[in-house]
$ cat run.cif   # mmCIF, C-alpha atoms
data_input
#
loop_
_atom_site.label_atom_id
_atom_site.label_comp_id
_atom_site.auth_asym_id
_atom_site.auth_seq_id
_atom_site.Cartn_x
_atom_site.Cartn_y
_atom_site.Cartn_z
CA MET A 137 69.23 73.31 75.59
CA ILE A 138 67.44 74.92 72.71
CA SER A 139 65.53 78.18 73.02
CA LEU A 140 61.89 78.56 72.03
CA GLU A 141 62.99 81.33 69.71
CA LYS A 142 65.29 78.94 67.88
CA VAL A 143 62.45 76.42 67.51
CA ARG A 144 60.24 79.16 66.11
CA GLN A 145 62.86 80.42 63.67
CA ARG A 146 63.50 76.91 62.39
CA ALA A 147 59.80 76.33 61.75
CA GLU A 148 59.39 79.72 60.08
CA ALA A 149 62.34 79.08 57.80
CA ASP A 150 61.04 75.65 56.87
CA ALA A 151 57.57 76.96 56.11
CA ARG A 152 59.07 79.65 53.87
CA THR A 153 61.21 77.16 52.00
CA ASN A 154 58.43 74.65 51.45
CA GLY A 155 55.51 76.92 50.63
CA CYS A 156 53.39 76.30 53.70
CA TYR A 157 52.47 78.52 56.67
CA LEU A 158 52.50 78.30 60.44
CA ASN A 159 49.27 77.91 62.41
CA PRO A 160 47.84 81.42 62.84
CA ASP A 161 46.65 80.66 66.40
CA GLN A 162 49.60 82.00 68.39
CA GLY A 163 48.64 80.31 71.67
CA PHE A 164 48.30 76.91 70.00
CA LEU A 165 51.51 77.50 68.06
CA ASN A 166 53.43 78.33 71.22
CA ASP A 167 52.21 75.10 72.82
CA LEU A 168 53.53 73.18 69.82
CA PHE A 169 56.89 74.96 69.98
CA ASP A 170 57.04 74.13 73.65
CA GLY A 171 56.32 70.46 72.90
CA LEU A 172 59.01 70.38 70.21
CA LYS A 173 61.50 71.96 72.58
CA GLN A 174 60.69 69.42 75.28
CA ASN A 175 61.09 66.54 72.86
CA GLU A 176 64.37 67.87 71.58
CA GLU A 177 65.69 68.14 75.12
CA ARG A 178 64.33 64.71 76.01
CA TYR A 179 65.39 62.75 72.94
CA GLY A 180 67.97 64.91 71.21
CA TYR A 181 65.74 65.56 68.19
CA PRO A 182 62.42 67.41 67.76
CA SER A 183 59.99 64.52 67.33
CA CYS A 184 56.35 65.40 66.69
CA PRO A 185 54.77 66.73 69.90
CA CYS A 186 51.48 65.01 69.08
CA ARG A 187 52.85 61.52 68.49
CA LEU A 188 54.36 58.97 70.83
CA ALA A 189 58.10 58.64 70.20
CA THR A 190 60.34 55.69 71.06
CA GLY A 191 63.35 57.81 71.91
CA ARG A 192 65.38 55.98 69.26
CA PHE A 193 66.07 58.21 66.30
CA GLU A 194 66.13 55.40 63.74
CA LEU A 195 62.53 54.55 64.72
CA ASP A 196 61.37 58.16 65.07
CA ARG A 197 63.05 59.64 62.02
CA ASP A 198 59.79 59.78 60.05
CA ILE A 199 58.05 61.75 62.82
CA THR A 200 60.89 64.17 63.44
CA CYS A 201 59.58 67.62 62.61
CA PRO A 202 58.98 68.40 59.78
CA CYS A 203 57.67 64.85 59.51
CA ASP A 204 57.47 62.72 56.37
CA TYR A 205 53.68 63.10 56.39
CA ARG A 206 53.52 66.88 56.50
CA ASP A 207 53.42 67.70 52.80
CA PRO A 208 50.70 65.20 51.82
CA ASP A 209 48.68 66.15 54.93
CA VAL A 210 48.96 69.88 54.31
CA ALA A 211 47.96 69.37 50.70
CA GLU A 212 45.02 67.04 51.47
CA TYR A 213 43.67 68.29 54.82
CA GLY A 214 45.02 71.82 55.07
CA CYS A 215 47.29 71.12 58.02
CA CYS A 216 49.82 68.60 59.24
CA TYR A 217 48.98 66.06 61.96
CA CYS A 218 49.80 68.37 64.88
CA ALA A 219 48.63 71.45 62.92
CA LEU A 220 51.94 73.30 63.22
CA TYR A 221 52.10 73.72 59.43
CA VAL A 222 49.05 74.80 57.47
CA ARG A 223 48.00 75.60 53.92
CA LYS A 224 47.64 79.18 52.70
CA ASP A 225 43.80 79.23 52.85
CA VAL A 226 43.92 77.93 56.42
CA PHE A 227 46.49 80.54 57.38
CA GLU A 228 44.22 83.23 55.93
CA GLY A 229 41.31 81.92 58.00
CA LYS A 230 39.24 80.80 55.00
CA THR A 231 39.29 77.17 56.11
CA SER A 232 39.07 76.04 59.71
CA ILE A 233 41.43 73.53 61.34
CA GLN A 234 40.13 70.15 62.40
CA PRO A 235 41.97 67.15 63.83
CA ILE A 236 43.05 65.00 60.89
CA PRO A 237 43.50 61.23 60.58
CA GLU A 238 46.90 59.63 61.22
CA ARG A 239 48.74 58.86 58.01
CA ARG A 240 51.69 57.14 59.68
CA PRO A 241 51.52 53.33 59.24
CA LYS A 242 50.35 51.49 62.33
CA GLU A 243 53.40 49.20 62.44
CA LYS A 244 55.53 52.26 63.02
CA GLN A 245 53.26 53.63 65.73
CA ASP A 246 53.26 50.30 67.51
CA ARG A 247 57.00 50.41 68.05
CA ALA A 248 56.54 53.23 70.54
CA HIS A 249 53.93 51.15 72.32
CA GLY A 250 56.00 48.42 73.81
CA LEU A 251 57.17 46.20 70.98
CA ALA A 252 60.62 46.89 72.35
CA VAL A 253 59.65 45.58 75.80
CA GLU A 254 59.70 41.98 74.71
CA SER A 255 62.81 39.87 75.13
CA SER A 256 65.39 40.15 72.40
CA LEU A 257 64.31 36.82 70.91
CA GLU A 258 60.68 37.84 70.76
CA LYS A 259 61.73 41.23 69.59
CA ALA A 260 63.58 39.71 66.67
CA SER A 261 60.53 37.71 65.65
CA ALA A 262 58.25 40.70 66.15
CA THR A 263 60.53 42.76 63.95
CA ALA A 264 60.54 39.98 61.37
CA ALA A 265 56.75 39.86 61.50
CA VAL A 266 56.55 43.59 60.94
CA MET A 267 59.05 43.39 58.12
CA ALA A 268 57.26 40.45 56.49
CA LYS A 269 53.93 42.24 56.58
CA LYS A 270 53.88 44.12 53.36
CA THR A 271 53.26 47.76 54.03
CA PRO A 272 51.31 49.46 51.29
CA GLU A 273 53.91 50.43 48.76
CA ILE A 274 54.44 54.15 48.61
CA LYS A 275 54.87 55.13 45.03
CA MET A 276 57.93 57.32 45.07
CA LYS A 277 58.81 59.05 41.87
CA MET A 278 61.44 61.43 40.61
CA TRP A 279 60.29 64.94 39.88
CA TYR A 280 62.16 67.90 38.43
CA CYS A 281 61.49 71.59 38.42
CA LYS A 282 61.22 72.80 34.85
CA GLN A 283 62.30 76.27 35.94
CA CYS A 284 65.54 75.56 37.82
CA GLY A 285 66.25 71.87 37.43
CA TYR A 286 65.86 70.92 41.11
CA VAL A 287 65.22 67.18 41.43
CA CYS A 288 63.46 65.34 44.26
CA PHE A 289 62.27 61.81 44.98
CA ARG A 290 58.83 61.66 46.57
CA GLU A 291 55.19 60.67 46.04
CA GLU A 292 54.02 64.04 44.81
CA PRO A 293 55.97 67.09 43.68
CA PRO A 294 56.49 69.68 46.43
CA TYR A 295 54.05 72.51 46.98
CA ILE A 296 56.59 74.98 45.71
CA CYS A 297 60.13 74.46 44.52
CA PRO A 298 62.36 74.95 47.60
CA ILE A 299 65.05 76.45 45.38
CA CYS A 300 63.36 78.81 42.92
CA LYS A 301 59.80 78.94 44.43
CA ALA A 302 58.13 77.81 41.19
CA LYS A 303 54.67 76.34 41.76
CA LYS A 304 53.88 72.64 41.92
CA GLU A 305 52.61 72.76 38.34
CA MET A 306 56.13 73.51 37.15
CA PHE A 307 57.24 70.03 38.19
CA ALA A 308 57.34 67.13 35.77
CA ARG A 309 58.00 63.42 36.17
CA LEU A 310 61.54 62.40 35.52
CA GLU A 311 61.95 58.95 34.10
CA ILE A 312 65.28 57.32 33.75
CA SER A 313 65.79 54.32 31.58
CA LEU A 314 69.05 52.52 31.47
CA LYS A 315 70.04 51.48 28.01
CA LYS A 316 72.61 48.89 27.29
CA PRO A 317 75.66 50.44 25.65
CA THR A 318 75.63 49.67 22.00
CA MET B 79 51.28 54.54 85.64
CA VAL B 80 50.69 58.02 86.94
CA SER B 81 47.15 59.19 86.48
CA VAL B 82 46.29 62.70 87.53
CA LYS B 83 42.84 63.56 88.76
CA ILE B 84 41.47 67.00 87.98
CA PRO B 85 38.54 67.90 90.20
CA GLY B 86 35.37 69.39 88.78
CA LYS B 87 31.81 69.96 89.89
CA ASN B 88 30.35 67.72 87.19
CA LYS B 89 31.08 64.17 88.38
CA GLN B 90 28.31 62.43 86.41
CA HIS B 91 30.70 60.63 84.12
CA LYS B 92 33.98 58.82 84.55
CA VAL B 93 36.27 60.56 82.08
CA LEU B 94 39.75 59.30 81.30
CA ILE B 95 42.13 60.92 78.82
CA TYR B 96 45.15 59.19 77.40
CA ALA B 97 47.31 62.13 76.43
CA LEU B 98 50.84 63.24 75.62
CA SER B 99 52.48 65.85 77.84
CA THR B 100 53.84 67.67 74.77
CA CYS B 101 50.68 67.61 72.63
CA ALA B 102 48.77 70.81 71.96
CA TRP B 103 45.51 68.99 71.04
CA CYS B 104 45.70 67.08 74.33
CA LYS B 105 46.15 70.35 76.13
CA LEU B 106 43.05 71.77 74.42
CA THR B 107 41.08 68.69 75.47
CA LYS B 108 42.15 69.02 79.10
CA GLN B 109 41.36 72.73 79.07
CA PHE B 110 37.96 72.15 77.47
CA LEU B 111 36.94 69.73 80.23
CA LYS B 112 38.28 72.05 82.88
CA ASP B 113 36.37 75.01 81.43
CA ASN B 114 33.20 72.92 81.57
CA ASP B 115 33.93 71.92 85.16
CA ILE B 116 34.04 68.22 84.32
CA GLU B 117 35.94 65.96 86.68
CA TYR B 118 38.46 63.85 84.78
CA GLU B 119 41.61 61.82 85.01
CA TYR B 120 44.48 61.84 82.57
CA VAL B 121 47.56 59.79 81.87
CA ASP B 122 50.47 61.30 79.95
CA VAL B 123 51.51 58.27 77.92
CA ASP B 124 54.87 59.68 76.83
CA LEU B 125 55.91 59.78 80.48
CA CYS B 126 54.98 56.09 80.97
CA SER B 127 57.32 53.13 80.79
CA LEU B 128 57.23 50.90 77.70
CA LYS B 129 55.37 48.21 79.64
CA GLU B 130 52.70 50.71 80.62
CA ARG B 131 52.47 52.01 77.07
CA GLU B 132 51.83 48.48 75.85
CA LYS B 133 49.04 48.12 78.39
CA ILE B 134 47.51 51.42 77.31
CA ARG B 135 47.67 50.47 73.63
CA LYS B 136 45.90 47.19 74.38
CA ASP B 137 43.29 48.99 76.47
CA ILE B 138 42.53 51.45 73.65
CA GLU B 139 42.51 48.78 70.95
CA SER B 140 40.26 46.47 73.00
CA ARG B 141 37.71 49.30 72.94
CA GLY B 142 37.97 49.58 69.18
CA GLY B 143 40.17 52.67 69.12
CA GLU B 144 43.58 53.50 67.74
CA ALA B 145 46.49 54.32 70.01
CA ILE B 146 46.68 57.97 69.03
CA TYR B 147 46.34 60.95 71.33
CA PRO B 148 44.26 62.31 72.86
CA THR B 149 41.97 59.34 73.33
CA ILE B 150 39.05 60.07 75.62
CA ILE B 151 37.19 57.24 77.32
CA ILE B 152 33.86 58.08 78.91
CA ASP B 153 32.19 55.74 81.41
CA GLU B 154 34.42 52.88 80.24
CA LYS B 155 32.47 52.57 77.02
CA ILE B 156 32.50 55.60 74.75
CA LEU B 157 35.81 56.16 73.05
CA ILE B 158 36.63 59.39 71.25
CA THR B 159 39.80 59.75 69.21
CA GLY B 160 41.20 63.25 68.94
CA PHE B 161 39.89 66.55 70.27
CA ARG B 162 36.39 66.34 68.75
CA LYS B 163 34.49 68.90 70.73
CA ASP B 164 31.07 67.97 69.32
CA LYS B 165 31.54 64.30 70.16
CA ILE B 166 32.73 65.08 73.69
CA ARG B 167 29.79 67.44 74.18
CA GLU B 168 27.37 64.82 72.97
CA ALA B 169 28.80 62.07 75.16
CA LEU B 170 28.83 64.28 78.28
CA LYS B 171 25.56 66.00 77.42
CA ILE B 172 27.01 69.47 77.91
#

$ encode --input "run.cif" --output "structure tokens"
Amino acid sequence: MISLEKVRQRAEADARTNGCYLNPDQGFLNDLFDGLKQNEERYGYPSCPCRLATGRFELDRDITCPCDYRDPDVAEYGCCYCALYVRKDVFEGKTSIQPIPERRPKEKQDRAHGLAVESSLEKASATAAVMAKKTPEIKMKMWYCKQCGYVCFREEPPYICPICKAKKEMFARLEISLKKPT
Amino acid sequence: MVSVKIPGKNKQHKVLIYALSTCAWCKLTKQFLKDNDIEYEYVDVDLCSLKEREKIRKDIESRGGEAIYPTIIIDEKILITGFRKDKIREALKI
């Protein structure tokens, strides 16, 4: 059992570390915390309250809060998919919150919708079909913080450096080339 | 599949919500209909078996929607994805 207070503290700490804010609507926020708590008790991990989970962590890892889609969603739309995390201007009430489109690839969503029902043989072929279908390549890059040296591997640099709080602009691409020893 | 019927004075339309029991947007949608005294039914998809989920996904996709929640189906033909108040208002003429 996890307390609502613990769920709240975890989200607050994460928002602080990553330069985003929590939804200023306390009633809505409490409903989200409640959903996260329920999911954690049900599945053993806090999967997104606004997405259908499979109950298998390896398939739900990307939608375990904070999900893989939060940072790009907060940057682009002002809030994450469930609107737990928001951008500064949204927190300050300068921008309103609207439902945003789902960034998670459909193949991943479909797994929670019965792909696992099929017999193991069919399942294997379904999995193969999903694997064979080329998902749009996410262009992951290495970034480093010019202020403290923190390095991360993701599409875009983080909103703020989680270590030294430097702004996004302080990040630069890190390119590694392997040279043959001479 | 457990569908729950919420009574309301306005019974002009057949309103079905595919929702998640944990989802705050779904909760807002349910509350919005209740506040407007609209009779509706909802299914909490996360509490359904995998077989039922598959059926629901096919139902939503056959109507041209995406299996994301809430999905609101009005009179078997209008499908609204997400809590879009203006679209719900327009479809229900409220």

$ interface_residues --input "run.cif" --of "chain A" --to "chain B" --cutoff "9 Å" --atoms "all atoms listed in the file" --output "PyMOL selection string"
chain A and resi 164-168+170-172+174-175+184-190+218+234-238+242+245-246+248-253

$ atom_distance --input "run.cif" --atom1 "atom CA of A:Tyr217" --atom2 "atom CA of A:Leu310"
29.5 Å

$ residues_around --input "run.cif" --residues "stretch 86-92 of chain B" --least-positions-apart "6" --cutoff "8 Å" --atoms "all atoms listed in the file" --output "JSON, numbers by chain"
{"B": [112, 115, 116, 117, 118, 152, 153, 154, 170]}

$ atom_distance --input "run.cif" --atom1 "atom CA of A:Arg290" --atom2 "atom CA of A:Met276"
4.7 Å

$ atom_distance --input "run.cif" --atom1 "atom CA of B:Ile95" --atom2 "atom CA of A:Tyr181"
26.3 Å

$ resolve_selection --input "run.cif" --expression "the PyMOL selection byres ((chain A and resi 145-147) around 9)" --output "PyMOL selection string"
chain A and resi 140-144+148-152+158+169+201-202+220-221

$ closest_residue --input "run.cif" --among "A:Lys230, A:Lys316, A:Arg206, A:Lys282" --to "A:Tyr295" --atoms "only C-alpha atoms"
A:Arg206

$ residues_near_point --input "run.cif" --point "(49.3, 75.9, 51.4)" --cutoff "8 Å" --atoms "all atoms listed in the file" --output "PyMOL selection string"
chain A and resi 155-157+210-211+214+222-226+295

$ axis_aligned_box --input "run.cif" --around "stretch 226-235 of chain A" --padding-each-side "4 Å" --output "AutoDock Vina command-line options"
--center_x 42.8 --center_y 75.2 --center_z 59.4 --size_x 15.4 --size_y 24.1 --size_z 16.8

$ resolve_selection --input "run.cif" --expression "the PyMOL selection byres ((chain A and resi 300) around 9)" --output "count of residues only"
10

$ closest_residue --input "run.cif" --among "B:Thr107, B:Tyr96, B:Gly142, B:Tyr120" --to "B:Val82" --atoms "all atoms listed in the file"
B:Tyr120

$ residues_around --input "run.cif" --residues "B:Ile158" --least-positions-apart "5" --cutoff "8 Å" --atoms "only C-alpha atoms" --output "PyMOL selection string"
chain B and resi 143+149-151+165-166

$ closest_residue --input "run.cif" --among "A:Lys173, A:Arg239, A:Arg247, A:Arg192" --to "A:Ile138" --atoms "only C-alpha atoms"
A:Lys173

$ closest_residue --input "run.cif" --among "A:Lys304, A:Arg309, A:Lys275, A:Lys244" --to "A:Asp196" --atoms "all atoms listed in the file"
A:Lys244
